[in-house]
Structure formats: structure tokens, C-alpha cells
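One structure below.
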Amino acid sequence: MPLPPAPSKRAALLASDAYSLRASEELISFSPEPERVVAPLRAAAAAPASEAPAAKAGARSRGRERKPELAPVPSQPVARVPSPTATPAAERQPVEFRAPHPTGKPPVGSETVSRASPVASNRRTGRAKSGGSTGPARLFVLDTNVLLHDPMSLFRFEEHDIFLPMIVLEELDGHKKGMTEVARNGRQTSRTLDALVAQQGGDMTRGLKLSATGHLSARGLLFFQTEPLDAQLPASLPQGKADNQILGVVHALRDKHPQREVILVSKDINMRVKARALGLAAEDYQNDKTLDDGELLYAGALALPQDFWTRQSKTIESWASGSHTFYRVSGPTVSQFYINQFVYFEAPGEPSLYARVTEIRDQTAVLKTLKDFTHLKNAVWGVTSRNREQNFALNILMDPEVDFVTLAGTAGTGKTLMALASGLTQVLDDRRYTEIIMTRATVSVGEDIGFLPGTEEEKMGPWMGALDDNLEFLAKGDGGNAGEWGRAATNELIRSRIKVKSMNFMRGRTFMNKYVIIDEAQNLTPKQMKTLITRAGPGTKIICMGNLAQIDTPYLTEGSSGLTYAVDRFKGWPHGGHITLARGERSRLADFASEVL
């Protein structure tokens, strides 16, 4: 007897969607949609009873074929639809497709239940990280030295949360007395914490909103240690030390909140090393660093490309005004310019150009040629420039429209000599300023020699050795051929126009028509630099000088120095200028020592 022909149609009357058991589309969804899940199965239940076994067999066979392709999904079971016919339990089970439960326990009941992921439940909605991640906000544990270094550090962590151990509050209380910068920062931190605790509706156990005091950029919460935290640290770490207690708090928080990233923030290098040795995450406080790399510091001068004149030959405009020539240039190079930045063009066989950017509009800039201070007729108090950068420096030092000048460079580049010569010329010859005020950070290189007797100026005398050396050179040495006033003035007259002041008594003062020189500015913090610059009144010019390679203040680096901070913030200001001096001119011995030592 011949076999019947193969069927050309499906035997079951089930809808085609009932056979498509794709987890990502019909049966399993991340949002509870019972009707969408159960509808295809209801169609199967509505089929005739005689065709139900065949439909079930087809569903079972296809279910077994597609089962390995199912991806893991959240704990969201699918509703079971009983068959209209009485079938054994073993035959009903394959129709049900469940996602594995995280705890391994079966779901209660036969209806669809929506369960949230344990990680998702801890995510904070509307508080994404800057990188676009939607994961849980990190928890930063601050060391005491971070708060004493920057009282505003509480508001520098954007959407992340902050935790303060109890021992940190104890250490803050121990540093609040005195007139030092650390004591002032400690008192400021205590006042900030008091304002945060006093916010209306605040609960210390649930966290205090850091934005309650008006710092809208801080979107996180502040947590205090309100209960003892048990942490097992190695027996070799004494528990009585404050650093080890903070490490214990970080360890306990990591165990208590395994789904969150707990990070210790400290300025103490040894503490960060100990934390990493214990397997804890630790970071330095980076917000106070203006630059990560000192080589990225704005140099104040830019070399023009070799094909600069070729590209500008058709569009350049030039005109003369007095002794200066102006050029209006355009092109992609203009995007690298800043106001009062020096540009130069040097190429063999072609005329050189030394100019300063005076105006930038859209894609065009105006360049103004410089006064040549290398020539003896343009000498400043008998001092002429010996290299390109010194010529740039004298141009901005002698410009009355520039109120703030920063000079950076290694030892022997002529920073103090040029600043002092420019000041004497503008005070005694030009009568542009009434007197010169000179100050510096009193940070010693070696051991402190103790208290110094005398008045404020006498106490500052030992710190002003550079002033005495340069005045001796300007009055008697190679700078003796000065202007008319310089030849008539004696050393006493020169010194009568120079006042030496201490930085400790600068707060609250206002300097009007003064020429202020701040020496060794690399040892100042950004806050101290702001205090000194804001003393300037009408007609005052401030010159900051320093060598970023010779920082003697503890906890200050090239990236966090006040000099770096001022250079970066003032670049592009129409009344400010900066130049980095590269070549030493003191002596061949000093130049060689700067290179090899």
C-alpha cells in the first residue's frame, strides 16, 4: 500500500505567532505585559479538542529545538495557560517557559510577576554619571587632609555621594585653632558641615543633600558615620591611629555595599598605598590641579608655521601706526591664538617677524609688531634683552595697558632683573607708578632659622637677597648707564621707592598706582594668589614670577601651584600677559648646572 503524500500545510490551527517562541519578543519582556504574553497561548486554548494534542506535540518539539537559544532574562515568570483538555502534568509542563530566578526559588502563584533587578533597584534615576553611565553613584570617603586642603571639596564630586567617618570630624576639631591656612580651612569646613546638617527636612541616616546650600553642581548626598562599623584589618595595623580607622571604615563600607564602588580620597600618599595594599580603591584629590602635566602650561608664545606667509599672501592686510606695523591675518592658525600672545616667524633666508596678538574676531586676528629691546637705545634702566623670550617679557612689562604679568622660567633667566628694571623706569623716569612693592612667599629651602628681630621690613630682609643683588647691579654694575633720573639718584633714593612687605599682612589692603612684584610665586596656593591679586586698585600693575621646578611648599605640585592657576585663568585676558623664559643668561656655570643637576 503506497504511503500518503506529505502534508503541505501545518496540521494545527494555531496562529504562527504561537510557534515563534522568541524570548526577546513575545514570551518574556522586561516590562509587565500579561496580555501580550498570554494572547498567543489563548489562541491555542481556543482550538478544537481533537486538534489540541497535535498542537501540544508541535509546540513541545519546537520548544525543545529553541530552548538552547533562549538568552538569560530577569526574574519575570510567564503565565501558565491550562489546556482545555485533561492532560497529564508532564504534558502541560513544556508549554511553560520560565526565566530562572536569581535565588533559585520558584515564583509564587501562576500569574505574571514583575521583579526588579537588584542592581537596578539601587540605581538612582535622573543622576547619570558624566560619562553617560546609569550605574549606581560612587561613594567617596574623604580623608581629613582633603577637607583641610580645600574646604569646598565637598561640592566637587558632582552626582556622587560622600561619606565622612567620625574620626575625620575629630581631626577637624583638632585643627580649628590658630591663624594658619590649615586652621582657617578647618573652620570653614566646620561651618559648611553645620549649614548642611541644619537644612530643613534633612536626615543624617538617609543622607543630606549637598545642593541644599546653593551648590547646584553637587547632586549627591552627604553621609555621616552614625553607627559603629566593624572591619577586620590586619593585626599589624594599630587600631588607635586615625589613618587606620579610616581604612577600617572604607573596608566596612565596601562589605556593606557590595553593589557600589567605595573609594578613599586622600592627599596622603602613604595612606593611598596602604589602602591599595589592603585591596581598597584609593585616589588622590585631583580637583585642585589646574593641569595634569606641567608641559601643557600656556607658554605665552607660539611659533608660526613655515608656510605662514605663503598662505597669507592673498588675504593679508597691513598698515602702520607710529613705530608699529599691524597685520590682519586669517586661516586655521588663528584658532590657536590668544589675546596678548606672542607669535614669531623665523626661517633661513626670510625676514623674521615678532608680534603680539591684539585682536581676535571670528577667523581673523590682528598682529602688532614689537619694540626691539635688544638694541641699546631701547634699554630699560640700562638692561637690554639677550634672547627672544626676554624681548617678549620687556614688551609686556613696559606696556601700560597690561595690568597683570606672569613670568615663569628656570633659575638665571632674568625674571627678577627685568621686572625690577621695568619698575624703576616706570616709577622714577615715567612717573607712571608711585612706588614698587615687593613681596614673596617666606618658604625656606632648608631648616627654619627661627624668629627674626626688627620691623616688618627688617624681618623680610633675609628673604630679599635677590632684590639686593639686582639693585646692586642696576645701581653700580652694568646697569649704571641709566636714564637721567638713574644717574642722579643715589642708592638711598632708589630704595626709598621700594617697599618690602610681608604677605601675612596683605588681607584688606588696596594698592593704588603701585608696581607690585610677587617673587617665588610658585610656592603660593591658588587661594593665596587670589588674595594677593585682588589687592590691586586703580592704576596698579602686578608681576608674578616663579620657577615651577623649585616648589618648596609641602603638598604643592606643578599642577596645583598658584602660579600655574593664575597663568591658566588669565590667558586670553586683554589686560594680562604671560611668557615662559627658556634660556638662562646668568652665567655658563648656572646654565650648565640647571641642565645637568
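All residue names refer to the C-alpha cells as shown: chains lettered A, B, ... in order, residues numbered from 1 in each chain, ligands numbered from 1 in order.
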Might you pull out every residue within 7 Å of segment 415-429 of chain A, with only C-alpha atoms counted and same-chain residues fewer than 3 positions away left off, and present them as a compact mmCIF listing (two decimals) with N, CA, C and O atoms, in the first residue's frame?
# COMPACT_ATOMS: atom_id res chain seq x y z
N VAL A 380 66.16 99.35 29.10
CA VAL A 380 65.31 99.64 30.24
C VAL A 380 66.19 99.69 31.48
O VAL A 380 66.68 98.66 31.95
N TRP A 381 66.45 100.92 31.97
CA TRP A 381 67.33 101.14 33.12
C TRP A 381 68.69 100.49 32.88
O TRP A 381 69.30 99.87 33.75
N LEU A 394 59.95 92.05 28.21
CA LEU A 394 60.07 93.50 28.38
C LEU A 394 58.95 94.25 27.67
O LEU A 394 58.55 95.34 28.11
N LEU A 397 56.04 94.02 30.10
CA LEU A 397 56.35 94.72 31.36
C LEU A 397 56.26 96.23 31.18
O LEU A 397 55.86 96.94 32.11
N MET A 398 56.60 96.72 30.01
CA MET A 398 56.59 98.16 29.77
C MET A 398 55.28 98.66 29.16
O MET A 398 55.13 99.86 28.92
N LEU A 407 55.61 85.70 34.82
CA LEU A 407 56.88 85.27 34.22
C LEU A 407 57.28 83.95 34.85
O LEU A 407 57.39 83.84 36.08
N ARG A 432 54.87 106.75 36.17
CA ARG A 432 53.60 106.05 35.91
C ARG A 432 53.05 105.45 37.19
O ARG A 432 51.83 105.36 37.37
N TYR A 433 53.92 105.01 38.07
CA TYR A 433 53.53 104.45 39.36
C TYR A 433 54.27 105.20 40.46
O TYR A 433 55.32 105.81 40.22
N THR A 434 53.70 105.16 41.65
CA THR A 434 54.28 105.92 42.76
C THR A 434 55.43 105.19 43.44
O THR A 434 56.40 105.82 43.86
N GLU A 435 55.35 103.87 43.56
CA GLU A 435 56.42 103.12 44.22
C GLU A 435 56.32 101.66 43.83
O GLU A 435 55.35 101.21 43.23
N ILE A 436 57.37 100.93 44.20
CA ILE A 436 57.45 99.49 43.94
C ILE A 436 57.23 98.77 45.26
O ILE A 436 57.86 99.09 46.27
N ASN A 470 70.08 92.40 42.67
CA ASN A 470 69.70 93.07 41.43
C ASN A 470 69.79 94.58 41.55
O ASN A 470 70.15 95.26 40.58
N TRP A 485 67.24 110.29 35.40
CA TRP A 485 66.94 110.10 36.82
C TRP A 485 67.85 109.03 37.42
O TRP A 485 68.24 109.15 38.59
N TYR A 515 53.42 99.45 41.68
CA TYR A 515 54.05 98.43 40.84
C TYR A 515 54.42 97.29 41.79
O TYR A 515 55.39 97.39 42.55
N MET A 545 56.28 86.15 39.48
CA MET A 545 57.43 85.43 38.92
C MET A 545 57.65 84.15 39.71
O MET A 545 57.39 84.11 40.92
As a PyMOL selection string, please: every residue in segment 228-463 of chain A that a backbone DSSP assignment puts in helix (DSSP H, G or I). chain A and resi 242-256+269-277+294-296+308-312+332-336+376-378+388-397+415-429+456-463
Please provide the set of residues having any atom within 10 Å of segment 559-568 of chain A, restricted to only C-alpha atoms, with same-chain residues fewer than 3 positions apart removed, written as a PyMOL selection string. chain A and resi 286-300+404-408+520-530+533+544-548+551+553+555-556+571-572+576-579
Minimum-distance residue to Phe373 of chain A, chosen among A:Val182, A:Leu216, A:Leu193, A:Ile396 (using only C-alpha atoms):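 Result for the nearest residue to Phe373 of chain A: A:Ile396.
Taking atom CA of Pro332 of chain A as the reference point, atom CA of Thr364 of chain A is found at 9.3 Å.
Using only C-alpha atoms, the smallest distance between any of A:Glu181, A:Ala212, A:Leu221, A:Asp591 and Thr410 of chain A comes from A:Asp591.
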Pick out the residues sitting within 8 Å of segment 496-506 of chain A, and hand them over as a ChimeraX atom specification; count only C-alpha atoms, and ignore anything fewer than 3 positions along from it in its own chain. /A:427,434-441,456-457,460,492-493,509,531-532,535
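Distance annotation: of A:Leu164, A:Asn270, A:Ala275, A:Gly207, the residue with the minimal separation from Gln225 of chain A is A:Leu164; atom set is only C-alpha atoms.
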Given only C-alpha atoms as the basis, pick out the residue of A:Ile167, A:Asp362, A:Arg184, A:Ala218 nearest to Lys241 of chain A.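 When distances to Lys241 of chain A are compared using only C-alpha atoms, the smallest one comes from A:Ile167.
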